[in-house]
>>> print(open('my_file-v3.txt').read())   # compact mmCIF, C-alpha atoms
# COMPACT_ATOMS: atom_id res chain seq x y z
CA MET A 127 -56.16 228.47 140.10
CA ASN A 128 -52.79 230.21 139.91
CA LEU A 129 -53.36 233.97 140.03
CA THR A 130 -49.67 234.91 140.03
CA PRO A 131 -49.48 235.60 136.25
CA LEU A 132 -52.58 237.82 136.51
CA TYR A 133 -51.06 239.79 139.39
CA LYS A 134 -47.86 240.23 137.39
CA GLU A 135 -49.80 241.48 134.37
CA VAL A 136 -51.69 244.03 136.47
CA ALA A 137 -48.47 245.17 138.14
CA MET A 138 -46.79 245.56 134.74
CA LYS A 139 -49.71 247.63 133.43
CA ASP A 140 -49.56 249.87 136.51
CA PHE A 141 -45.80 250.26 136.04
CA PHE A 142 -46.11 251.35 132.42
CA LYS A 143 -49.03 253.65 133.26
CA LYS A 144 -47.01 255.29 136.03
CA TYR A 145 -43.75 255.75 134.14
CA PHE A 146 -44.66 255.57 130.45
CA GLY A 147 -48.26 256.82 130.32
CA PRO A 148 -49.48 259.70 128.11
CA THR A 149 -48.91 262.34 130.81
CA LYS A 150 -45.30 261.16 131.25
CA PHE A 151 -44.78 261.33 127.50
CA LYS A 152 -46.23 264.85 127.50
CA ARG A 153 -43.65 265.91 130.09
CA LEU A 154 -40.83 264.14 128.23
CA PHE A 155 -41.87 265.91 125.03
CA ASP A 156 -41.82 269.24 126.89
CA ILE A 157 -38.31 268.66 128.22
CA VAL A 158 -36.79 267.47 124.93
CA MET A 159 -38.49 270.01 122.66
CA SER A 160 -37.95 273.02 124.96
CA LEU A 161 -34.24 272.21 125.19
CA PHE A 162 -34.10 271.69 121.42
CA GLY A 163 -35.97 274.97 120.89
CA MET A 164 -33.62 276.97 123.12
CA ILE A 165 -30.59 275.60 121.26
CA VAL A 166 -31.97 276.06 117.72
CA LEU A 167 -33.44 279.50 118.45
CA SER A 168 -30.39 280.79 120.35
CA PRO A 169 -29.34 283.12 117.45
CA LEU A 170 -32.84 284.66 117.50
CA PHE A 171 -32.65 284.97 121.29
CA LEU A 172 -29.34 286.81 120.94
CA LEU A 173 -30.74 289.14 118.27
CA ILE A 174 -33.74 290.07 120.41
CA CYS A 175 -31.52 290.58 123.47
CA ILE A 176 -29.29 292.99 121.52
CA ALA A 177 -32.35 294.85 120.18
CA ASN A 178 -33.71 295.31 123.71
CA ILE A 179 -30.32 296.40 125.05
CA LEU A 180 -30.22 299.11 122.39
CA THR A 181 -33.79 300.23 123.19
CA PRO A 182 -33.94 303.17 125.66
CA ASN A 183 -35.88 302.72 128.91
CA CYS A 184 -36.19 298.96 128.37
CA SER A 185 -34.70 295.85 129.96
CA VAL A 186 -33.94 292.60 128.14
CA PHE A 187 -36.23 290.32 130.10
CA PHE A 188 -39.43 290.73 132.07
CA SER A 189 -40.54 288.38 134.84
CA HIS A 190 -43.86 288.27 136.59
CA GLU A 191 -45.60 286.01 139.09
CA ARG A 192 -48.21 283.71 137.59
CA ARG A 193 -50.24 280.77 138.85
CA GLY A 194 -49.34 277.28 137.68
CA ARG A 195 -50.47 273.74 138.32
CA ARG A 196 -52.62 273.44 141.46
CA GLY A 197 -52.53 277.24 141.68
CA LYS A 198 -48.86 277.25 142.72
CA PRO A 199 -47.13 280.59 142.02
CA PHE A 200 -44.10 280.71 139.72
CA LYS A 201 -42.14 283.34 137.80
CA ILE A 202 -42.88 283.53 134.09
CA TYR A 203 -40.24 284.95 131.76
CA LYS A 204 -40.71 287.05 128.62
CA PHE A 205 -38.72 289.43 126.49
CA GLN A 206 -39.61 292.90 127.73
CA THR A 207 -41.84 294.76 125.30
CA MET A 208 -42.86 297.76 127.41
CA LYS A 209 -40.96 300.69 128.85
CA ASN A 210 -39.62 300.44 132.39
CA ASP A 211 -42.01 303.15 133.64
CA THR A 212 -45.17 301.30 132.51
CA PRO A 213 -47.86 301.01 135.25
CA ASN A 214 -47.74 297.59 136.92
CA VAL A 215 -51.12 296.33 135.68
CA ALA A 216 -52.31 293.84 133.06
CA THR A 217 -52.06 295.21 129.53
CA GLY A 218 -55.81 294.79 129.12
CA GLN A 219 -56.36 297.35 131.88
CA LEU A 220 -54.39 300.10 130.13
CA GLU A 221 -56.41 302.72 128.29
CA ASN A 222 -53.68 303.42 125.75
CA PRO A 223 -51.02 300.69 125.89
CA GLU A 224 -49.42 301.83 122.62
CA GLN A 225 -47.71 304.70 124.43
CA TYR A 226 -45.82 302.21 126.62
CA ILE A 227 -44.90 299.55 124.05
CA THR A 228 -41.45 299.91 122.47
CA LYS A 229 -40.93 299.73 118.72
CA VAL A 230 -39.20 296.37 119.08
CA GLY A 231 -41.85 295.28 121.56
CA LYS A 232 -44.64 295.95 119.08
CA ILE A 233 -43.11 293.41 116.68
CA LEU A 234 -42.43 290.90 119.42
CA ARG A 235 -45.99 291.06 120.77
CA LYS A 236 -47.69 290.75 117.38
CA THR A 237 -45.58 287.72 116.45
CA SER A 238 -45.64 286.26 120.02
CA LEU A 239 -41.83 286.18 119.98
CA ASP A 240 -41.87 287.84 123.39
CA GLU A 241 -43.07 284.49 124.78
CA LEU A 242 -39.93 282.58 123.71
CA PRO A 243 -38.18 282.76 127.13
CA GLN A 244 -41.03 280.61 128.43
CA LEU A 245 -39.19 277.69 126.85
CA TRP A 246 -37.11 277.87 130.04
CA ASN A 247 -40.32 277.71 132.12
CA ILE A 248 -41.36 274.62 130.14
CA PHE A 249 -37.96 272.97 130.60
CA LYS A 250 -38.11 273.62 134.35
CA GLY A 251 -41.59 272.13 134.64
CA ASP A 252 -43.48 275.32 135.50
CA MET A 253 -45.33 275.12 132.18
CA SER A 254 -46.10 272.88 129.21
CA PHE A 255 -46.22 273.63 125.50
CA VAL A 256 -50.02 273.25 125.60
CA GLY A 257 -52.38 274.08 128.45
CA PRO A 258 -54.42 276.94 129.90
CA ARG A 259 -52.49 280.20 129.77
CA PRO A 260 -51.09 281.13 133.22
CA LEU A 261 -52.94 283.85 135.12
CA ILE A 262 -51.51 286.71 137.15
CA SER A 263 -52.26 286.45 140.86
CA SER A 264 -54.62 289.45 140.90
CA GLU A 265 -57.12 287.86 138.48
CA MET A 266 -59.25 286.59 141.34
CA ARG A 267 -62.45 285.87 139.38
CA ALA A 268 -60.54 283.82 136.85
CA HIS A 269 -58.79 281.91 139.65
CA ARG A 270 -62.11 281.04 141.29
CA LEU A 271 -63.54 279.84 137.99
CA ARG A 272 -60.47 277.72 137.25
CA LEU A 273 -60.73 276.10 140.66
CA GLU A 274 -64.45 275.49 140.16
CA TYR A 275 -63.92 273.93 136.72
CA GLY A 276 -60.91 271.82 137.74
CA ILE A 277 -58.54 273.53 135.31
CA TYR A 278 -55.62 273.74 137.75
CA ARG A 279 -54.97 270.02 137.45
CA PHE A 280 -52.96 270.81 134.29
CA ARG A 281 -49.76 272.78 133.89
CA PRO A 282 -50.29 276.15 132.18
CA GLY A 283 -49.27 276.29 128.55
CA LEU A 284 -47.34 278.41 126.09
CA THR A 285 -50.50 278.10 124.00
CA GLY A 286 -53.92 276.59 124.55
CA MET A 287 -57.37 276.00 123.17
CA ALA A 288 -58.54 279.51 124.08
CA GLN A 289 -55.57 281.00 122.19
CA ILE A 290 -56.56 279.32 118.92
CA ASN A 291 -60.24 280.25 119.33
CA GLY A 292 -60.19 284.01 119.74
CA ARG A 293 -57.24 284.79 122.00
CA ASP A 294 -57.68 288.40 123.25
CA GLU A 295 -61.05 288.92 121.57
CA ILE A 296 -63.11 286.46 123.63
CA SER A 297 -64.54 286.91 127.11
CA LEU A 298 -63.12 285.42 130.29
CA MET A 299 -66.02 282.95 130.50
CA LYS A 300 -65.36 281.70 126.97
CA LYS A 301 -61.69 281.23 127.79
CA ILE A 302 -62.62 279.25 130.89
CA ARG A 303 -64.96 277.03 128.86
CA TYR A 304 -62.29 276.38 126.26
CA ASP A 305 -59.77 275.56 129.01
CA LYS A 306 -62.24 273.15 130.64
CA LEU A 307 -62.95 271.55 127.26
CA TYR A 308 -59.22 271.00 126.84
CA CYS A 309 -58.75 269.54 130.32
CA ASP A 310 -61.74 267.21 129.99
CA ASN A 311 -60.69 265.93 126.55
CA TRP A 312 -56.91 266.07 126.76
CA SER A 313 -54.88 263.75 124.56
CA LEU A 314 -51.48 263.84 122.90
CA LYS A 315 -53.24 264.18 119.55
CA LEU A 316 -55.16 267.22 120.80
CA ASP A 317 -51.88 268.82 121.92
CA MET A 318 -50.42 268.35 118.43
CA VAL A 319 -53.51 269.87 116.79
CA ILE A 320 -53.38 272.92 119.10
CA MET A 321 -49.65 273.44 118.55
CA LEU A 322 -49.98 273.32 114.75
CA ARG A 323 -53.00 275.61 114.79
CA SER A 324 -51.13 278.03 117.10
CA ILE A 325 -48.44 278.57 114.45
CA THR A 326 -51.09 279.71 111.97
CA VAL A 327 -52.76 281.95 114.57
CA ALA A 328 -49.43 283.60 115.45
CA LEU A 329 -48.45 284.17 111.82
CA LYS A 330 -51.85 285.65 110.93
CA GLN A 331 -52.05 287.55 114.25
CA GLU A 332 -55.57 286.20 114.75
CA GLY A 333 -57.32 287.49 117.87
CA TYR A 334 -54.47 289.85 118.76
CA GLN A 335 -55.59 292.98 120.60
CA GLU A 336 -54.00 295.50 122.96
CA GLY A 337 -55.56 297.36 125.87
CA LYS A 338 -59.23 297.62 126.81
CA ILE A 339 -61.45 296.15 124.12
CA HIS A 340 -64.97 294.86 123.76
CA ARG A 341 -64.76 291.09 124.04
CA ARG A 342 -67.26 288.64 122.62
>>> encode(input="my_file-v3.txt", output="structure tokens")
Amino acid sequence: MNLTPLYKEVAMKDFFKKYFGPTKFKRLFDIVMSLFGMIVLSPLFLLICIANILTPNCSVFFSHERRGRRGKPFKIYKFQTMKNDTPNVATGQLENPEQYITKVGKILRKTSLDELPQLWNIFKGDMSFVGPRPLISSEMRAHRLRLEYGIYRFRPGLTGMAQINGRDEISLMKKIRYDKLYCDNWSLKLDMVIMLRSITVALKQEGYQEGKIHRR
């Protein structure tokens, strides 16, 4: 029996899986759409940059170390929404964050426009459009849970399942469960559903909270 055709078929399947599989398409989508987004939204980028330049005690951009795929640290970029003298802690740890948020920043945060510079992170490969939101390095409990649940096998996302199911209003454990649910059931279709739902969440400001709150 000649097994050569069978070997060739298996090799061809492995080739397409390696170079044209769903995960490769996800990355290709990230590259193309992030580049497209940066070009199309460049007038909005310029407008926000000018607004921040004209805002006292505020820089244009803000960068911070986060944890990415496999827990690797990277710098995340945002439009700055808080004054330069804001304490260097997570917003959720501030008792009264409103006193630090600029007038322009308040609009950017509520509409999630402050996240737009992360298109550059997506283009570079630090992030994806959809995935678990990246954590700051000091969130040790969350890091341990993500390692335990195998969440770090995915790139962090601009949006994710936890962001369309409560965002700031849900507990850490609920976020972890949503992130695990995403990782265990990932598909290109699921990414599309989350991205479309995220637009609605951002427009309606669902789950948006500032500072220390009681989470469900």
>>> residues_around(input="my_file-v3.txt", residues="region 184-199 of chain A", least_positions_apart="6", cutoff="8 Å", atoms="only C-alpha atoms", output="MDAnalysis selection string")
chainID A and resid 175 178 205:210 228 252:253 260:263 278:282
>>> atom_distance(input="my_file-v3.txt", atom1="CA of Leu284 (chain A)", atom2="CA of Pro223 (chain A)")
22.6 Å
>>> axis_aligned_box(input="my_file-v3.txt", around="region 311-322 of chain A", padding_each_side="5 Å", output="lines of an AutoDock Vina configuration file")
center_x = -55.2
center_y = 268.6
center_z = 120.8
size_x = 21.0
size_y = 19.7
size_z = 22.0
>>> atom_distance(input="my_file-v3.txt", atom1="CA of Trp246 (chain A)", atom2="CA of Gly283 (chain A)")
12.4 Å
>>> closest_residue(input="my_file-v3.txt", among="A:Leu234, A:Phe249, A:Gln244, A:Lys300", to="Asp156 (chain A)", atoms="all atoms listed in the file")
A:Phe249
>>> closest_residue(input="my_file-v3.txt", among="A:Leu242, A:Ile174, A:Ile302, A:Ile290", to="Glu274 (chain A)", atoms="all atoms listed in the file")
A:Ile302
>>> closest_residue(input="my_file-v3.txt", among="A:Lys301, A:Arg323, A:Lys315, A:Lys204", to="Ser238 (chain A)", atoms="all atoms listed in the file")
A:Lys204
>>> closest_residue(input="my_file-v3.txt", among="A:Ile165, A:Val158, A:Val327, A:Cys309", to="Gly257 (chain A)", atoms="only C-alpha atoms")
A:Cys309
>>> closest_residue(input="my_file-v3.txt", among="A:Leu316, A:Lys250, A:Thr181, A:Leu239", to="Ile227 (chain A)", atoms="all atoms listed in the file")
A:Thr181
>>> atom_distance(input="my_file-v3.txt", atom1="CA of Gly286 (chain A)", atom2="CA of Ile157 (chain A)")
17.9 Å
